[in-house]
Amino acid sequence: MTKRGRTRLTGIVLAAAVAFSPLARTEAATLSVEPELLLSEEQERDRLETLYLLSEGKAATGHLLAEDAPLDKEVFLFTDHGSHLRLTYSAAKPFAVFIVNVDPTTPTVHDPRDALTTTLPPGEQAEATVNLTPSPGWRKGREGFLMILATVRGNDVTLHDVTFTDRATPLQRVSAYLRHPWRPELFETRSVNFLRGYKLANLPLPLLLGTLLLAIVALLILRRRPLLTAFAIASIATILLYHTRFSVDLVRATSAELLEWQTQGTYRAAGSAYAVAERFQGVVDATSTPLSLTVCSVGSRFHSLLLAYLLHPTPVATSAESWSTATHAAMLGTWYGEREKSAVTCQGQQRRGEVIATFPAHSALVRFTDLLDRSP
Amino acid sequence: MIFPLLSFLATASTLTIEGALLVGAVTGADLPRVIRWSLGYPTALLVNALVFFLLHLVGLPLTAATVGGSHLLILSTLTALSLRRRMPSTTAAEPIANRPHAGGGASVPWHHRPIPLLLSLPCTISLAVVAFSAISHAVFLPTSSWDSLTNWHMRSQQMFEAQSLLTSGVAKPQYPVLLHATQIVSVMPLGRWSDTTANVSTLLLSAASFWSVFLLLRRSHGALTALVTCTLLTTIPLAIVHLGQGYADIHVVEYTLLAALLLDAARTERRASLLLLSGLLCAAAAWTKLEGLYLSVVPWLLLVISSGVIRKAWGETLCFGLLPLIALTTPWPLFTLSHGLGLSPHGSRFGWHGELLPFLLQELFDGGSFGVHWYAILFALLVVCLTRRGRPSSPFLDRCGTLTWGVVALGAVILLYLTNETEGLLTGRGFSRVMLLPTLLLTQALSLEISIRLRSANGTPVTPPPAIRVEGEDRPPYTEDA
């Protein structure tokens, strides 16, 4: 090759290297985001709590999800499809994004297994590309997404552009599909009514294994096995296959629960309720004065029902029912104050009290000190 | 820690002995001793529930003295009865797998073959995982389920402290009390409520029940069938979760599975005693939860009446089947009705909602509660229809009684949820739990049916356990229908 030829070749190689290098991409400034699967209500609350703390730069007080929580939510419905979602936005503080596949004709109905979540940093005309393929409900060509932006009150998030792109290569798509069934099963703390199961490219795993069962039977029959034998082998194999997958989650979740219970004394959505109950029972046993407990927690009546069971027959009720009359308060997942704090607030109601003990998972047992003021 | 453990062991042992003696009194030597003992605890819990009920009716408080005294009286009576009958200890029927086979040079019959490692290893691992989950949740982790906090454990605690079967001030007072009585009798020696003891008492019921299912299957069908069937039963995902801490649905299922196996054995072996025991366990299902009444008792009665009509065995059907079951199951519904309580806490408005069928099918075939089981059940039904059972040796109901029971229960649940309990179907707050009974019953029935057909296809004769040979007694050998 001549010197001129070598120079030209070198130039071509360098140009190609620049053209295909990450620096050459027009999305050079885009933040590439791998969202998490939204696995539980606790995770959603943790995310929003983290969001609030990031925004405020300090420990927060009060609820994050109660009616007067300092959060705004905005909901968007898209009928597009794609493997990635590119957002161009402006925001002064971080904000959370929740994305889930929906049928555009019934946007209020969605499969909780499909939900993805991430937190985007503040920025001006910032770009972020969110990978949608980790959702078990995602499939190439599937249209319909519901997106919820959650941000602290006063933080305006402006979306300049929302684009769905099909960036996943065939190999990346297959890889994503193979990861879908590994989304953990959701074992709810409060109920044992049903299980959600696993999906692959929005197809239920039982359906796929049921099809596999038929295929195995057909294959064995072609290999001259009797129908009975073929069916017995195929059914036991597919049932044990599903059970193997389920067992991984079962053992993992049970071990995590045991470890959490033994080391922290908390138990999933119940948090520190058991520890608070034990401590309060000690207070009850130490006095002959009738005591009562009001429960300040987020969401349903679960915590108050749990404490009512653990502390029976001591009266226990929700904060909405008994905040102003109870002798003590169980702050479960709602305690962000310092121990010396004397004002105790729950959903806009305030009383004076002193902390008896604090517990993990933002929990505390409080004795109200304004009882004498309230007596006739 | 030691005292609660020792007191629970003492209570459980006493109940087990009482139950084993009762089973022995009912069946004589028709069941091997190991099965009589394994059925002891589940059977005794029915007796315990009746004790609680009767004490309440006569106005006595439910205390350690009254309940303990009642059990002592029952235990003494059963012991005296047992000593009088002098139960055989060494000549009980051996499991079919241990019986020597005819024809020395012939290949080993199917059910005598050792269980292949390819099957025994995954089954054993599967059962170990289930046991790990169940024991962890019942023994080491606290109660957290909504219905337990409001109804099951909470109501048990309230009744324990009130020393009475409360009909007001508790959630769902019309629910029967077998599970509550089980939890209360277990904590009575402690003098205070113990959440762990309450959970362990119901875990022991599950363990004893499934162990009994295994032994009964092994007795009639061999160890391989027993292992595979028990594995299939306990790999239903929602059943595994309920085994740790549930809402009594799993215990209704356990009693129903046992009643079904014993009913099949009663018909196959022509033993009235097994029919009576089957009825007792069916009654226990009705005393556990209301679903036991219409998913266990009603199908059982239909099967027994049909079988009695076909065989024209009215005396046996009436004395060992209908009368005892009706006598045991009617008191609680009458009690609730007499207190102005409806039989169901869910209301009684009926209307057809066929449009909800897709939700129902989705829960069975797409969700995670039943895994692949419903696909296997449907295909198994098809396979059973397409293949022969060999030479039929008994009427259809004798051969497919449990299968019929399962189909009837399935139909009843579907009908209920498409007409009345529609909210439970839409919100998912009840359907899958109630569906556990038809699912496990059909799984058991179809597993046995496939096993029997595989054996007959392999040329292995399908025969029941031999008649018991007791010294000094001449018992007629089993005779098959012509």
# chains A, B, ... in the order shown; residues from 1 in each chain; ligands from 1

$ closest_atom_pairs --of "chain B" --to "chain A" --cutoff "6 Å" --atoms "only C-alpha atoms" --output "Markdown table"
| residue | atom | partner | partner_atom | distance |
| --- | --- | --- | --- | --- |
| B:Ser144 | CA | A:Arg190 | CA | 5.8 |
| B:Ser145 | CA | A:Arg190 | CA | 4.4 |
| B:Trp146 | CA | A:Arg190 | CA | 5.2 |
| B:Leu149 | CA | A:Tyr309 | CA | 5.8 |
| B:Met154 | CA | A:Tyr309 | CA | 5.8 |
| B:Asp366 | CA | A:Pro204 | CA | 5.3 |
| B:Gly367 | CA | A:Arg196 | CA | 5.2 |
| B:Gly368 | CA | A:Gly197 | CA | 3.4 |
| B:Ser369 | CA | A:Leu195 | CA | 4.7 |
| B:Gly371 | CA | A:Pro206 | CA | 5.7 |
| B:Val372 | CA | A:Pro206 | CA | 5.0 |
| B:Tyr375 | CA | A:Gly210 | CA | 5.6 |
| B:Ala376 | CA | A:Ser235 | CA | 5.8 |
| B:Arg429 | CA | A:Asn193 | CA | 5.4 |
| B:Ser432 | CA | A:Phe194 | CA | 5.9 |
| B:Arg433 | CA | A:Asn193 | CA | 5.9 |

$ residues_around --residues "B:Leu293" --least-positions-apart "2" --cutoff "10 Å" --atoms "only C-alpha atoms" --output "number ranges by chain"
B: 252, 282-291, 295-300, 329-330, 333

$ select_by_dssp --residues "stretch 42-259 of chain B" --states "alpha helix (DSSP H)" --output "number ranges by chain"
B: 42-57, 64-85, 117-135, 146-147, 153-162, 178-187, 195-221, 223-234, 237-244, 249-259

$ atom_distance --atom1 "atom CA of B:Ser201" --atom2 "atom CA of B:Ala12"
7.9 Å

$ residues_around --residues "stretch 132-143 of chain B" --least-positions-apart "2" --cutoff "6 Å" --atoms "only C-alpha atoms" --output "list in words"
Val129, Val130, Thr196, Asn199, Val200, Leu243 and Gly244 of chain B

$ write_last_selection --atoms "N, CA and C atoms" --output "PDB file, in the first residue's frame"
ATOM      1  N   VAL B 129     -38.597 -27.972  50.905  1.00  0.00           N
ATOM      2  CA  VAL B 129     -38.791 -26.520  50.738  1.00  0.00           C
ATOM      3  C   VAL B 129     -40.123 -26.095  51.354  1.00  0.00           C
ATOM      4  N   VAL B 130     -41.148 -26.881  51.092  1.00  0.00           N
ATOM      5  CA  VAL B 130     -42.472 -26.576  51.650  1.00  0.00           C
ATOM      6  C   VAL B 130     -42.421 -26.613  53.178  1.00  0.00           C
ATOM      7  N   THR B 196     -47.518 -17.773  68.926  1.00  0.00           N
ATOM      8  CA  THR B 196     -46.727 -18.867  68.354  1.00  0.00           C
ATOM      9  C   THR B 196     -47.381 -20.209  68.619  1.00  0.00           C
ATOM     10  N   ASN B 199     -50.234 -20.776  66.289  1.00  0.00           N
ATOM     11  CA  ASN B 199     -49.798 -21.127  64.934  1.00  0.00           C
ATOM     12  C   ASN B 199     -49.239 -22.541  64.871  1.00  0.00           C
ATOM     13  N   VAL B 200     -48.499 -22.941  65.889  1.00  0.00           N
ATOM     14  CA  VAL B 200     -47.920 -24.282  65.885  1.00  0.00           C
ATOM     15  C   VAL B 200     -49.022 -25.342  65.967  1.00  0.00           C
ATOM     16  N   LEU B 243     -49.985 -23.104  54.195  1.00  0.00           N
ATOM     17  CA  LEU B 243     -49.514 -24.071  55.180  1.00  0.00           C
ATOM     18  C   LEU B 243     -48.769 -23.383  56.321  1.00  0.00           C
ATOM     19  N   GLY B 244     -48.145 -22.224  56.029  1.00  0.00           N
ATOM     20  CA  GLY B 244     -47.444 -21.498  57.079  1.00  0.00           C
ATOM     21  C   GLY B 244     -48.412 -20.773  58.001  1.00  0.00           C
TER      22      GLY B 244
END

$ residues_around --residues "B:Ser120" --least-positions-apart "5" --cutoff "12 Å" --atoms "only C-alpha atoms" --output "ChimeraX atom specification"
/A:236 /B:114-115,125-128,223-231

$ atom_distance --atom1 "atom CA of B:Leu21" --atom2 "atom CA of B:Thr402"
27.0 Å

$ residues_around --residues "B:His353" --least-positions-apart "2" --cutoff "7 Å" --atoms "only C-alpha atoms" --output "PDB file with C-alpha atoms, in the first residue's frame"
ATOM      1  CA  GLY B 351     -77.719 -12.988  40.277  1.00  0.00           C
ATOM      2  CA  GLU B 355     -69.295 -11.642  32.285  1.00  0.00           C
ATOM      3  CA  LEU B 356     -66.929 -12.387  35.174  1.00  0.00           C
ATOM      4  CA  LEU B 418     -70.528 -16.116  39.386  1.00  0.00           C
ATOM      5  CA  THR B 419     -73.760 -15.571  41.258  1.00  0.00           C
TER       6      THR B 419
END

$ closest_residue --among "B:Trp314, B:Phe214, B:Trp152, B:Phe335" --to "B:Asp249" --atoms "only C-alpha atoms"
B:Trp152

$ residues_around --residues "B:Leu442" --least-positions-apart "4" --cutoff "9 Å" --atoms "only C-alpha atoms" --output "VMD selection string"
chain B and resid 377 402 to 407 410 437 to 438 446 to 447

$ residues_around --residues "A:Gly82" --least-positions-apart "3" --cutoff "10 Å" --atoms "only C-alpha atoms" --output "list in words"
Leu85, Asn131, Leu132, Thr133, Trp138, Arg139, Lys140, Gly141, Arg142, Glu143, Gly144, Phe145, Thr163, Phe164, Thr165, Asp166, Arg167 and Ala168 of chain A

$ select_by_dssp --residues "stretch 165-307 of chain A" --states "strand (DSSP E)" --output "PDB file with N, CA, C and O atoms, in the first residue's frame"
ATOM      1  N   THR A 165     -38.711   5.002  21.715  1.00  0.00           N
ATOM      2  CA  THR A 165     -37.845   4.507  20.638  1.00  0.00           C
ATOM      3  C   THR A 165     -37.647   2.997  20.784  1.00  0.00           C
ATOM      4  O   THR A 165     -37.689   2.464  21.891  1.00  0.00           O
ATOM      5  N   LYS A 199     -44.396 -13.753  34.461  1.00  0.00           N
ATOM      6  CA  LYS A 199     -44.730 -13.503  33.055  1.00  0.00           C
ATOM      7  C   LYS A 199     -43.454 -13.453  32.236  1.00  0.00           C
ATOM      8  O   LYS A 199     -42.359 -13.211  32.770  1.00  0.00           O
ATOM      9  N   LEU A 200     -43.622 -13.636  30.951  1.00  0.00           N
ATOM     10  CA  LEU A 200     -42.523 -13.510  30.005  1.00  0.00           C
ATOM     11  C   LEU A 200     -43.114 -12.847  28.777  1.00  0.00           C
ATOM     12  O   LEU A 200     -44.000 -13.408  28.139  1.00  0.00           O
ATOM     13  N   LEU A 203     -46.700 -12.711  28.591  1.00  0.00           N
ATOM     14  CA  LEU A 203     -47.422 -13.983  28.545  1.00  0.00           C
ATOM     15  C   LEU A 203     -47.259 -14.677  29.895  1.00  0.00           C
ATOM     16  O   LEU A 203     -46.147 -14.790  30.394  1.00  0.00           O
ATOM     17  N   PRO A 204     -48.347 -15.173  30.497  1.00  0.00           N
ATOM     18  CA  PRO A 204     -48.223 -15.838  31.800  1.00  0.00           C
ATOM     19  C   PRO A 204     -47.354 -17.086  31.697  1.00  0.00           C
ATOM     20  O   PRO A 204     -47.498 -17.875  30.745  1.00  0.00           O
ATOM     21  N   LEU A 293     -54.411   3.174  73.175  1.00  0.00           N
ATOM     22  CA  LEU A 293     -53.381   3.434  72.172  1.00  0.00           C
ATOM     23  C   LEU A 293     -54.020   3.898  70.878  1.00  0.00           C
ATOM     24  O   LEU A 293     -54.973   3.288  70.392  1.00  0.00           O
ATOM     25  N   THR A 294     -53.482   4.960  70.322  1.00  0.00           N
ATOM     26  CA  THR A 294     -53.897   5.392  68.993  1.00  0.00           C
ATOM     27  C   THR A 294     -52.734   5.115  68.048  1.00  0.00           C
ATOM     28  O   THR A 294     -51.578   5.203  68.428  1.00  0.00           O
ATOM     29  N   VAL A 295     -53.061   4.733  66.825  1.00  0.00           N
ATOM     30  CA  VAL A 295     -52.039   4.287  65.883  1.00  0.00           C
ATOM     31  C   VAL A 295     -51.928   5.279  64.732  1.00  0.00           C
ATOM     32  O   VAL A 295     -52.911   5.549  64.038  1.00  0.00           O
ATOM     33  N   CYS A 296     -50.736   5.822  64.571  1.00  0.00           N
ATOM     34  CA  CYS A 296     -50.472   6.750  63.480  1.00  0.00           C
ATOM     35  C   CYS A 296     -49.620   6.029  62.439  1.00  0.00           C
ATOM     36  O   CYS A 296     -48.441   5.785  62.666  1.00  0.00           O
TER      37      CYS A 296
END

$ atom_distance --atom1 "atom CA of B:Leu281" --atom2 "atom CA of B:Pro4"
28.8 Å

$ closest_residue --among "A:Leu38, A:Leu87, A:Val33, A:Met331" --to "A:Ile99" --atoms "only C-alpha atoms"
A:Leu38

$ closest_residue --among "A:Ala128, A:Leu222, A:Val109, A:Leu116" --to "A:Val97" --atoms "only C-alpha atoms"
A:Leu116
